[in-house]
Structures are given as structure tokens and as C-alpha cells.
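Engineer: File name final-v7.cif; file contents mmCIF, C-alpha atoms; full text below.
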```
data_start
#
loop_
_atom_site.label_atom_id
_atom_site.label_comp_id
_atom_site.auth_asym_id
_atom_site.auth_seq_id
_atom_site.Cartn_x
_atom_site.Cartn_y
_atom_site.Cartn_z
CA MET K 91 20.26 15.85 79.49
CA LYS K 92 22.80 13.05 79.05
CA ILE K 93 21.06 11.02 81.72
CA LEU K 94 17.69 11.53 79.99
CA MET K 95 19.12 10.40 76.62
CA ALA K 96 20.64 7.33 78.24
CA LEU K 97 17.31 6.46 79.84
CA ILE K 98 15.43 6.80 76.53
CA ALA K 99 18.03 4.64 74.77
CA THR K 100 17.72 2.01 77.47
CA VAL K 101 13.93 1.94 77.18
CA VAL K 102 14.05 1.69 73.36
CA LEU K 103 16.60 -1.09 73.47
CA SER K 104 14.60 -2.98 76.08
CA VAL K 105 11.41 -2.77 74.04
CA HIS K 106 13.27 -3.85 70.88
CA THR K 107 14.88 -6.78 72.69
CA GLY K 108 11.50 -7.72 74.15
CA VAL K 109 9.86 -7.73 70.71
CA GLN K 110 12.70 -9.82 69.31
CA ALA K 111 12.34 -12.28 72.18
CA ALA K 112 8.58 -12.52 71.61
CA ASP K 113 9.17 -13.18 67.90
CA THR K 114 11.74 -15.87 68.68
CA ASP K 115 9.46 -17.47 71.28
CA ALA K 116 6.56 -17.41 68.81
CA GLN K 117 8.61 -19.01 66.04
CA GLN K 118 9.82 -21.73 68.39
CA ALA K 119 6.22 -22.33 69.53
CA ILE K 120 5.02 -22.51 65.90
CA ASP K 121 7.77 -25.01 65.05
CA ALA K 122 6.87 -27.09 68.10
CA ALA K 123 3.17 -27.01 67.17
CA LYS K 124 3.97 -28.11 63.63
CA ALA K 125 6.09 -31.00 64.92
CA ALA K 126 3.33 -32.12 67.30
CA HIS K 127 0.75 -31.86 64.52
CA LYS K 128 2.93 -33.94 62.20
CA LYS K 129 3.24 -36.57 64.92
CA ALA K 130 -0.57 -36.79 65.21
CA ASP K 131 -0.85 -36.92 61.41
CA SER K 132 1.54 -39.84 61.31
CA LEU K 133 -1.15 -41.84 63.16
CA GLN K 134 -3.90 -40.51 60.83
CA GLY K 135 -5.12 -38.49 63.81
CA GLY K 136 -4.61 -34.80 62.92
CA TRP K 137 -7.41 -32.30 63.43
CA VAL K 138 -8.47 -29.70 60.85
CA SER K 139 -8.63 -26.96 63.49
CA THR K 140 -4.93 -27.38 64.31
CA ASP K 141 -3.99 -26.50 60.75
CA LYS K 142 -6.06 -23.34 61.07
CA LEU K 143 -4.49 -22.35 64.39
CA ILE K 144 -0.98 -22.81 63.01
CA LYS K 145 -1.84 -20.73 59.96
CA LYS K 146 -3.25 -17.94 62.15
CA ALA K 147 -0.17 -18.08 64.38
CA GLU K 148 2.07 -17.70 61.32
CA GLU K 149 0.00 -14.77 60.09
CA ALA K 150 0.21 -13.05 63.47
CA SER K 151 3.95 -13.66 63.55
CA ALA K 152 4.35 -12.22 60.05
CA LYS K 153 2.51 -9.08 61.17
CA GLY K 154 4.87 -8.75 64.13
CA ASP K 155 2.31 -9.66 66.78
CA GLY K 156 4.54 -12.11 68.65
CA ASP K 157 2.30 -12.37 71.72
CA LYS K 158 -0.75 -13.37 69.67
CA ALA K 159 1.35 -15.78 67.59
CA LEU K 160 2.72 -17.39 70.74
CA LYS K 161 -0.75 -17.81 72.23
CA LEU K 162 -2.14 -19.38 69.05
CA ALA K 163 0.86 -21.66 68.58
CA LYS K 164 0.59 -22.95 72.15
CA LYS K 165 -3.10 -23.63 71.60
CA ALA K 166 -2.25 -25.48 68.38
CA GLN K 167 0.36 -27.57 70.18
CA LYS K 168 -2.11 -28.49 72.93
CA GLU K 169 -4.62 -29.56 70.30
CA ALA K 170 -2.03 -31.59 68.42
CA GLU K 171 -1.05 -33.37 71.63
CA LEU K 172 -4.70 -34.20 72.34
CA ALA K 173 -5.10 -35.45 68.77
CA HIS K 174 -2.03 -37.65 69.10
CA ALA K 175 -3.24 -39.07 72.41
CA GLN K 176 -6.63 -39.78 70.82
CA ALA K 177 -5.02 -41.51 67.84
CA GLU K 178 -2.77 -43.63 70.05
CA TYR K 179 -5.72 -44.66 72.20
CA GLU K 180 -7.86 -45.48 69.19
CA LEU K 181 -5.14 -47.60 67.57
CA LYS K 182 -5.18 -49.85 70.61
CA ASN K 183 -8.84 -49.68 71.53
CA TRP K 184 -10.92 -49.13 68.38
CA ALA K 185 -13.78 -51.51 68.00
CA PRO K 186 -17.19 -51.70 66.40
CA PRO K 187 -19.98 -50.80 68.83
CA PRO K 188 -21.40 -53.68 70.91
CA TYR K 189 -24.49 -53.93 68.71
CA LEU K 190 -22.25 -54.81 65.74
CA MET K 191 -20.14 -57.38 67.56
CA PRO K 192 -20.52 -61.15 67.19
CA LYS K 193 -22.70 -62.62 69.91
CA MET J 67 -17.08 -66.59 49.57
CA LYS J 68 -15.44 -68.71 52.19
CA THR J 69 -15.71 -67.92 55.85
CA TYR J 70 -12.46 -67.89 57.67
CA MET J 71 -10.82 -66.76 60.85
CA VAL J 72 -8.69 -63.65 60.70
CA PRO J 73 -5.12 -64.85 60.64
CA ALA J 74 -2.71 -63.96 63.38
CA ILE J 75 -0.72 -61.86 60.96
CA CYS J 76 -3.64 -59.47 60.57
CA LEU J 77 -3.97 -59.12 64.31
CA ALA J 78 -0.28 -58.43 64.63
CA LEU J 79 -0.62 -55.65 62.07
CA LEU J 80 -3.49 -54.16 63.96
CA GLY J 81 -1.85 -53.84 67.35
CA THR J 82 -3.25 -55.16 70.56
CA GLY J 83 -6.69 -53.58 70.74
CA ALA J 84 -10.03 -55.17 70.18
CA ILE J 85 -8.42 -58.52 69.52
CA THR J 86 -11.20 -60.47 71.16
CA ALA J 87 -13.78 -58.95 68.89
CA LEU J 88 -11.70 -59.21 65.75
CA ALA J 89 -10.49 -62.74 66.32
CA ALA J 90 -14.02 -64.03 65.90
CA SER J 91 -14.81 -61.92 62.86
CA SER J 92 -14.55 -62.52 59.16
CA PRO J 93 -15.78 -60.36 56.30
CA ASP J 94 -18.77 -62.62 55.65
CA ALA J 95 -19.66 -62.90 59.33
CA ASP J 96 -19.33 -59.12 59.67
CA LEU J 97 -21.60 -58.52 56.70
CA LYS J 98 -24.27 -60.79 58.11
CA ILE J 99 -24.26 -58.91 61.43
CA TYR J 100 -24.29 -55.53 59.67
CA GLN J 101 -27.16 -56.47 57.36
CA GLU J 102 -29.19 -57.95 60.22
CA TYR J 103 -28.79 -54.71 62.15
CA PHE J 104 -30.43 -52.67 59.42
CA LYS J 105 -33.06 -55.32 58.70
CA LYS J 106 -34.22 -54.86 62.29
CA LYS J 107 -33.88 -51.08 62.25
CA PHE J 108 -35.63 -50.61 58.91
CA PRO J 109 -37.75 -53.75 58.43
CA ASP J 110 -39.62 -52.35 55.43
CA PHE J 111 -36.54 -51.39 53.47
CA THR J 112 -36.15 -52.79 49.97
CA GLU J 113 -32.91 -52.81 47.99
CA GLU J 114 -34.01 -49.50 46.48
CA ASN J 115 -34.44 -47.97 49.93
CA TYR J 116 -30.83 -48.72 50.81
CA SER J 117 -29.73 -46.99 47.63
CA LEU J 118 -31.99 -44.00 48.36
CA GLY J 119 -30.08 -43.25 51.56
CA MET J 120 -31.06 -39.98 53.18
CA TYR J 121 -33.99 -39.49 50.77
CA ASN J 122 -35.86 -42.17 52.70
CA PHE J 123 -36.18 -39.82 55.64
CA ASN J 124 -37.32 -36.49 54.20
CA GLU J 125 -40.26 -36.31 51.80
CA ASP J 126 -39.41 -32.83 50.58
CA LYS J 127 -35.83 -33.76 49.70
CA ARG J 128 -37.03 -37.01 48.18
CA SER J 129 -39.37 -35.14 45.84
CA GLN J 130 -36.60 -32.69 44.91
CA TRP J 131 -34.30 -35.60 44.14
CA GLU J 132 -36.99 -37.31 42.06
CA ALA J 133 -37.47 -34.08 40.10
CA ILE J 134 -33.72 -33.87 39.44
CA MET J 135 -33.69 -37.50 38.34
CA GLU J 136 -36.16 -36.73 35.54
CA PHE J 137 -33.23 -35.10 33.71
CA PRO J 138 -30.27 -36.11 35.83
CA PRO J 139 -27.14 -33.95 35.46
CA TYR J 140 -24.99 -37.07 35.44
CA GLU J 141 -26.24 -38.06 31.97
CA THR J 142 -24.10 -35.49 30.16
CA VAL J 143 -21.13 -36.57 32.27
CA VAL J 144 -21.69 -40.19 31.26
CA ASP J 145 -21.77 -39.16 27.58
CA LYS J 146 -18.54 -37.22 27.99
CA GLY J 147 -17.02 -40.16 29.86
CA GLU J 148 -17.88 -42.50 27.01
CA LYS J 149 -16.14 -40.20 24.53
CA LEU J 150 -13.07 -39.95 26.74
CA PHE J 151 -13.06 -43.69 27.25
CA ASN J 152 -13.09 -44.38 23.53
CA THR J 153 -10.63 -41.66 22.52
CA PRO J 154 -7.31 -43.33 21.67
CA PHE J 155 -4.12 -42.33 23.46
CA LYS J 156 -1.30 -40.84 21.38
CA ASN J 157 -0.02 -44.36 20.74
CA GLY J 158 -3.39 -45.44 19.34
CA LYS J 159 -4.39 -47.68 22.25
CA THR J 160 -7.42 -47.11 24.48
CA TYR J 161 -8.53 -47.80 28.04
CA ALA J 162 -10.29 -50.89 26.74
CA ASP J 163 -6.89 -52.38 25.86
CA CYS J 164 -5.80 -52.26 29.51
CA LEU J 165 -8.94 -53.26 31.35
CA GLU J 166 -10.65 -56.58 31.93
CA ASN J 167 -13.59 -57.09 29.57
CA GLY J 168 -12.60 -53.88 27.83
CA GLY J 169 -13.60 -51.99 30.99
CA ILE J 170 -17.31 -52.71 30.42
CA GLY J 171 -19.39 -54.00 33.34
CA ILE J 172 -16.55 -54.25 35.84
CA SER J 173 -17.08 -51.14 37.96
CA HIS J 174 -19.29 -52.98 40.48
CA THR J 175 -16.39 -55.32 41.32
CA TYR J 176 -14.01 -52.57 42.48
CA PRO J 177 -11.97 -52.04 44.62
CA ARG J 178 -10.16 -55.34 44.19
CA PHE J 179 -7.35 -57.05 46.04
CA ASP J 180 -4.29 -57.41 43.81
CA ALA J 181 -2.28 -60.52 44.66
CA GLY J 182 0.75 -59.19 42.79
CA SER J 183 1.24 -56.08 44.91
CA GLY J 184 -0.62 -57.39 47.97
CA LYS J 185 -2.64 -54.17 47.96
CA ILE J 186 -6.08 -52.86 47.14
CA ARG J 187 -6.58 -51.44 43.68
CA THR J 188 -9.34 -48.98 42.95
CA LEU J 189 -10.80 -48.43 39.50
CA SER J 190 -9.21 -44.98 39.54
CA MET J 191 -5.81 -46.64 39.93
CA GLU J 192 -6.52 -48.93 36.99
CA ILE J 193 -7.39 -45.93 34.83
CA ASN J 194 -4.28 -43.96 35.79
CA ASP J 195 -1.98 -46.98 35.47
CA CYS J 196 -3.43 -47.59 32.03
CA ARG J 197 -2.67 -44.01 31.07
CA GLU J 198 0.87 -44.14 32.37
CA SER J 199 1.63 -47.45 30.70
CA ASN J 200 0.55 -45.80 27.45
CA GLY J 201 2.69 -42.72 27.92
CA GLU J 202 -0.06 -40.44 29.22
CA LYS J 203 -0.05 -38.37 32.42
CA PRO J 204 -2.17 -39.64 35.33
CA LEU J 205 -5.39 -37.74 36.06
CA ASN J 206 -6.48 -35.93 39.22
CA LEU J 207 -8.11 -38.59 41.39
CA LEU J 208 -10.92 -36.41 42.67
CA LYS J 209 -12.00 -33.98 39.95
CA GLY J 210 -12.30 -33.66 36.20
CA ASP J 211 -11.79 -36.38 33.63
CA LEU J 212 -11.14 -39.26 36.01
CA PRO J 213 -14.54 -39.17 37.78
CA THR J 214 -16.06 -38.60 34.34
CA LEU J 215 -14.50 -41.84 33.12
CA LEU J 216 -15.62 -43.56 36.34
CA ALA J 217 -19.18 -42.36 35.69
CA TYR J 218 -19.24 -43.95 32.24
CA MET J 219 -17.77 -47.19 33.52
CA ALA J 220 -20.27 -47.25 36.42
CA GLU J 221 -23.10 -46.79 33.93
CA THR J 222 -22.04 -50.04 32.25
CA SER J 223 -22.44 -51.79 35.62
CA ARG J 224 -25.79 -50.23 36.53
CA GLY J 225 -28.11 -52.77 38.13
CA LYS J 226 -25.38 -55.35 38.74
CA ALA J 227 -25.00 -56.46 42.35
CA LEU J 228 -21.93 -55.05 44.06
CA ASP J 229 -19.40 -57.84 44.25
CA ILE J 230 -16.37 -56.85 46.31
CA GLN J 231 -14.26 -59.92 46.93
CA VAL J 232 -12.06 -60.45 49.97
CA PRO J 233 -10.03 -63.49 48.96
CA ASP J 234 -8.55 -65.95 51.42
CA ASP J 235 -5.20 -64.17 51.52
CA PRO J 236 -3.84 -62.67 54.75
CA ARG J 237 -2.92 -59.47 52.92
CA ALA J 238 -6.46 -59.04 51.61
CA LEU J 239 -7.84 -59.64 55.09
CA ALA J 240 -5.35 -57.17 56.53
CA ALA J 241 -6.52 -54.56 54.01
CA TYR J 242 -10.16 -55.29 54.89
CA GLU J 243 -9.40 -55.03 58.62
CA ASP J 244 -7.48 -51.81 58.09
CA GLY J 245 -10.45 -50.31 56.26
CA LYS J 246 -12.70 -51.50 59.07
CA ARG J 247 -10.34 -49.99 61.66
CA ILE J 248 -10.45 -46.62 59.90
CA TYR J 249 -14.24 -46.83 59.67
CA PHE J 250 -14.67 -47.52 63.38
CA THR J 251 -11.91 -45.21 64.63
CA ARG J 252 -12.98 -42.04 66.40
CA ARG J 253 -11.21 -39.02 65.00
CA GLY J 254 -11.33 -35.26 65.25
CA PRO J 255 -12.12 -33.00 68.22
CA ARG J 256 -15.65 -34.38 68.57
CA GLY J 257 -14.47 -37.96 68.71
CA PHE J 258 -16.63 -39.16 65.84
CA ALA J 259 -16.17 -42.29 63.78
CA CYS J 260 -18.01 -43.02 60.51
CA TYR J 261 -20.32 -45.39 62.35
CA ASN J 262 -21.51 -42.75 64.80
CA CYS J 263 -23.59 -41.15 62.06
CA HIS J 264 -24.43 -44.05 59.80
CA TRP J 265 -25.51 -46.93 62.07
CA ASP J 266 -27.45 -46.18 65.24
CA ALA J 267 -28.04 -42.58 64.14
CA ALA J 268 -29.08 -43.53 60.58
CA GLY J 269 -32.48 -42.01 59.86
CA GLY J 270 -31.82 -39.26 62.40
CA ARG J 271 -30.49 -35.81 61.69
CA ILE J 272 -27.43 -33.70 62.20
CA ARG J 273 -28.45 -30.08 61.84
CA GLY J 274 -30.39 -29.95 58.56
CA ASN J 275 -29.12 -33.24 57.18
CA GLU J 276 -30.71 -36.65 57.42
CA LEU J 277 -28.24 -39.47 57.98
CA SER J 278 -28.14 -42.36 55.52
CA PRO J 279 -27.55 -45.99 56.55
CA ALA J 280 -24.01 -47.27 56.00
CA ILE J 281 -25.27 -50.06 53.78
CA GLY J 282 -26.25 -48.81 50.34
CA GLN J 283 -24.26 -45.57 50.31
CA ALA J 284 -21.50 -46.97 48.14
CA THR J 285 -23.93 -48.13 45.44
CA ASN J 286 -24.40 -44.52 44.32
CA PHE J 287 -20.83 -43.47 43.63
CA PRO J 288 -19.39 -41.88 41.60
CA ALA J 289 -22.13 -39.30 42.06
CA TYR J 290 -22.98 -35.90 40.71
CA ARG J 291 -23.34 -33.75 43.81
CA SER J 292 -25.17 -30.44 43.65
CA LYS J 293 -22.81 -29.20 46.35
CA TRP J 294 -19.82 -29.90 44.08
CA GLY J 295 -21.58 -29.01 40.85
CA ALA J 296 -19.65 -31.93 39.44
CA MET J 297 -19.19 -35.66 39.32
CA GLY J 298 -16.99 -37.01 42.07
CA PRO J 299 -15.70 -40.35 43.31
CA ILE J 300 -16.47 -41.82 46.69
CA GLN J 301 -13.07 -40.85 48.09
CA ARG J 302 -13.98 -37.19 47.57
CA ARG J 303 -17.09 -37.81 49.66
CA TYR J 304 -14.99 -39.47 52.38
CA LYS J 305 -12.78 -36.41 52.52
CA GLY J 306 -15.86 -34.23 53.01
CA CYS J 307 -17.14 -36.46 55.82
CA MET J 308 -13.76 -36.38 57.53
CA LYS J 309 -13.64 -32.60 57.36
CA ASN J 310 -17.17 -32.45 58.76
CA ILE J 311 -16.06 -34.27 61.90
CA GLY J 312 -12.97 -32.06 62.18
CA ALA J 313 -10.48 -34.79 61.24
CA LYS J 314 -7.77 -34.16 58.69
CA PRO J 315 -8.85 -36.11 55.60
CA LEU J 316 -6.74 -39.05 54.55
CA LYS J 317 -4.96 -38.62 51.24
CA ALA J 318 -6.93 -39.74 48.20
CA GLY J 319 -5.36 -42.79 46.63
CA SER J 320 -3.37 -43.66 49.76
CA ASP J 321 -3.40 -47.24 51.02
CA ALA J 322 -5.49 -46.10 53.99
CA MET J 323 -8.11 -44.44 51.80
CA ASN J 324 -8.19 -47.37 49.40
CA ASN J 325 -8.64 -49.80 52.30
CA LEU J 326 -11.49 -47.68 53.64
CA GLU J 327 -13.15 -47.77 50.22
CA TYR J 328 -12.64 -51.54 50.10
CA PHE J 329 -14.39 -52.04 53.45
CA HIS J 330 -17.13 -49.51 52.77
CA ARG J 331 -17.96 -50.89 49.32
CA PHE J 332 -17.97 -54.41 50.76
CA LEU J 333 -20.77 -53.31 53.13
CA SER J 334 -23.05 -52.89 50.10
CA ASN J 335 -22.24 -56.27 48.58
CA GLY J 336 -25.29 -57.80 46.92
CA LEU J 337 -27.10 -54.51 46.37
CA PRO J 338 -27.56 -53.34 42.78
CA SER J 339 -25.22 -50.62 41.61
CA SER J 340 -27.14 -47.39 41.06
CA ALA J 341 -24.15 -45.32 40.02
CA PRO J 342 -23.66 -42.80 38.75
CA ASN J 343 -26.31 -41.09 40.79
CA ASN J 344 -27.29 -37.63 41.90
CA ARG J 345 -26.87 -36.33 45.40
CA PHE J 346 -27.37 -32.95 47.03
#
```
Translate the structure of the given file into C-alpha cells.
Structural biologist:
Amino acid sequence: MKILMALIATVVLSVHTGVQAADTDAQQAIDAAKAAHKKADSLQGGWVSTDKLIKKAEEASAKGDGDKALKLAKKAQKEAELAHAQAEYELKNWAPPPYLMPK
Amino acid sequence: MKTYMVPAICLALLGTGAITALAASSPDADLKIYQEYFKKKFPDFTEENYSLGMYNFNEDKRSQWEAIMEFPPYETVVDKGEKLFNTPFKNGKTYADCLENGGIGISHTYPRFDAGSGKIRTLSMEINDCRESNGEKPLNLLKGDLPTLLAYMAETSRGKALDIQVPDDPRALAAYEDGKRIYFTRRGPRGFACYNCHWDAAGGRIRGNELSPAIGQATNFPAYRSKWGAMGPIQRRYKGCMKNIGAKPLKAGSDAMNNLEYFHRFLSNGLPSSAPNNRF
């Protein structure tokens, strides 16, 4: 009986620790996504969809769904990085199309 | 207006890209190229056609717009704007005391470059600065009384040719070039710039919407949009366009947005102001 109780306690603790870890990971991912998004914004390059992903990640996190929050936050960060790369490229390479250039 | 080369200072501000193209450009030279493009694309266009925008390309929408224009919703807004304009502040002064020519017949010359600050000033800024200098709170830039005041002031410029000046000052040229950069910069997940819809695609369609030519659009604003159910300034329309391409809109009243308005209004230089107008 004592062994069974110990096993149950171990399982419960493991699950609880796992949930806590997922929540922490999700929050870190959300913070990272926000930072990346802000960086893209600083070059006037943010995307509307990134705002939405971050909001959904925060909602999932608030509901305790750490795995979903983590997935959404990582997607948001990837988007923000793409947006930043686009904005950096455009700052250096923007130009009117050839048909509007001086001949 | 004089033709001049873009000074090195402007290029330095703009980074390293597209220098070859920009070095040979000037606002007047740009405008000539831009106007020629549409003259070739739409050889039968009159000044009115440019102002008509998307209604050139869909007879059904054109007839709906013409029906709306028999009793245009903007008329009541203009009346309200006139009352607001002439209502004294608490200190007894009015907008007319702050503005050039009492604010009458100046709308078609905005935005302007301000040599004092080295920045672009929109008419909305003039209105809010006037309020603040008379102890009143500034108004929301996009909705409510401010576009209503803009509508009245635009009415007093109706028919006058847009006259956006880019003086021979490196800061004015930098503002113009910044507006041009924003206009031609691809943004959002689809990689669209303003020009993608309103130059080579003008006259075409995106989903159910016909695309208006870049030249002439700015003659209609502020406009009463059915979609808004209200009068709105051109910067509100820019924000909508930016959202449509998935890009986070620039902040209304920011230097970037003001510079974009400066460039975009300049594109319609010489065309008669038809603002306020009605749009779907």
C-alpha cells in the first residue's frame, strides 16, 4: 500500500512539474515572440497576423494550455523574424518598379 | 517648381539601396514619369477620370456612386464642419485666427513642409495645434470632429488644383523620399507595396474590388466612406490599405505617415480637388 501511494504521489508530482514547465516554456516563448515582433515593428515591418498569433498564445496560456501556447508563440516568433528580414531587405533594396524609373 | 538633384544628405538618410535610381530623381522628374505612365495606360482619361478612381472600371458601381452623389452624405458633414469651424474656443478665438487666409481655400496645399521644424505638417496637425495653443484638447486624428473640420475646409478648396510644394530644402526632399520609400516598400506576408495595386494593376481587380490609379486618389479625401459610415481622412484609408496587405499600419500622425501623405498627395498635383467626396 505504501509503495502504491508513493507511486501515485510521484506521478502527480511529475505531471504537475511538467505542466509548470510547459507554462514557463510558453511564457518565455511568448516574451521572445513579442521581442521579435517589436524588432520588426521598429523597422515599420510588423505583420498583422503576428499580433493575432501572440494574442492567441496568451489566451491559450491563460487557459493553462501550455503546449498550444508554446506552439503559437513559436509560430509568432518565426513570423516576426521573417517580417524583420523582409523589412531589413526592403530598407536596402526598395525601389520603384522599372517602368517608373528614369530612362 | 525647380528641378534639382537629390542631395547626398537624403541618400545618406535612406541607406544604401536603390541609390542609382534615386540619385537621378527629383520630385518634378518623378511626377513627369508617373503621369506619363498613366497617360499611356489610360489615354482617354480626363482630369475627372483620375478623380473617379475605381468607378471608371465598373459601370454598376459607377451608377451607384452617381446615385449617392445626388444627395451626398458628406453635405451634412460639411455643414457641421462649418459650424464647428466658426464656433469660438473658450477664449473667444477661432480656427480662423490660427490659419493662413482664415483657413479658407488652403486645404489643397496640404501637407506642407515646415522650415521651422524641418518636418511635414498636415492640415490635421494645424487644426490640433490651433486648439492646443488656445487651451483646447487635441482631437482624434481619424474620427469625429477633426475629419468633419477637414471636410469643411476641403469644401472651400473644391476645384482648386492640388498644389503640394516640395521646396529646395534637403529636409523637405528627405521627407518626400521617405514617403516615396514607404510607398514603394513591400510589406506584410504577401510582400505587397502600395504600387503593386495602384500602378500596373490599376483598372484590374482584387477579389470584388476594382483598383484605382495612384494618381487622383488623394483628390477625394477626406471622404465619406459607406464602409465607415463616416467622414475620414486619408490616413485612415492608408491604415485600411496596410491592414489589407497584412502589414501593421503606421501610426496616424507619425512622421512616417505624414511623409507618406506628402508623397501621395504630391502624385495628384495639378488635378482639381474633389474633396470631400463619397466612396464605398
Engineer: From the list J:Asn286, J:Asn325, J:Asn343, J:Thr251, which residue is nearest Glu180 (chain K) when using all atoms listed in the file?
Structural biologist: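 That would be J:Thr251, the residue with the smallest distance to Glu180 (chain K).
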Engineer: Please report as a list of chain:residue names which residues of chain K come no farther than 7 Å from chain J, using all atoms listed in the file.
Structural biologist: K:Gly135, K:Gly136, K:Trp137, K:Val138, K:Ser139, K:Glu180, K:Leu181, K:Lys182, K:Asn183, K:Trp184, K:Ala185, K:Pro186, K:Leu190, K:Met191
Engineer: Nearest to Ala116 (chain K) among K:Gln176, K:Lys164, K:Lys193, K:Ala159, with distances taken over only C-alpha atoms: which residue is it?
Structural biologist: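 Under the stated criterion, the closest residue is K:Ala159.
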Engineer: Contacts of Gln118 (chain K) at 12 Å or less, counting all atoms listed in the file, minus same-chain residues fewer than 4 places along, as a ChimeraX atom specification?
Structural biologist: /K:111-114,122-125,147-148,151,156,159-161,163-164,167
Engineer: Report the distance between CA of Lys158 (chain K) and CA of Gln117 (chain K) in Å, rounded to one decimal place.
Structural biologist: 11.5 Å
Engineer: How far is it from CA of Ala173 (chain K) to CA of Tyr304 (chain J), in Å with one decimal?
Structural biologist: 19.6 Å
Engineer: Between CA of Leu215 (chain J) and CA of Ala227 (chain J), what is the distance, to one decimal in Å?
Structural biologist: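 Going from CA of Leu215 (chain J) over to CA of Ala227 (chain J) covers 20.2 Å.
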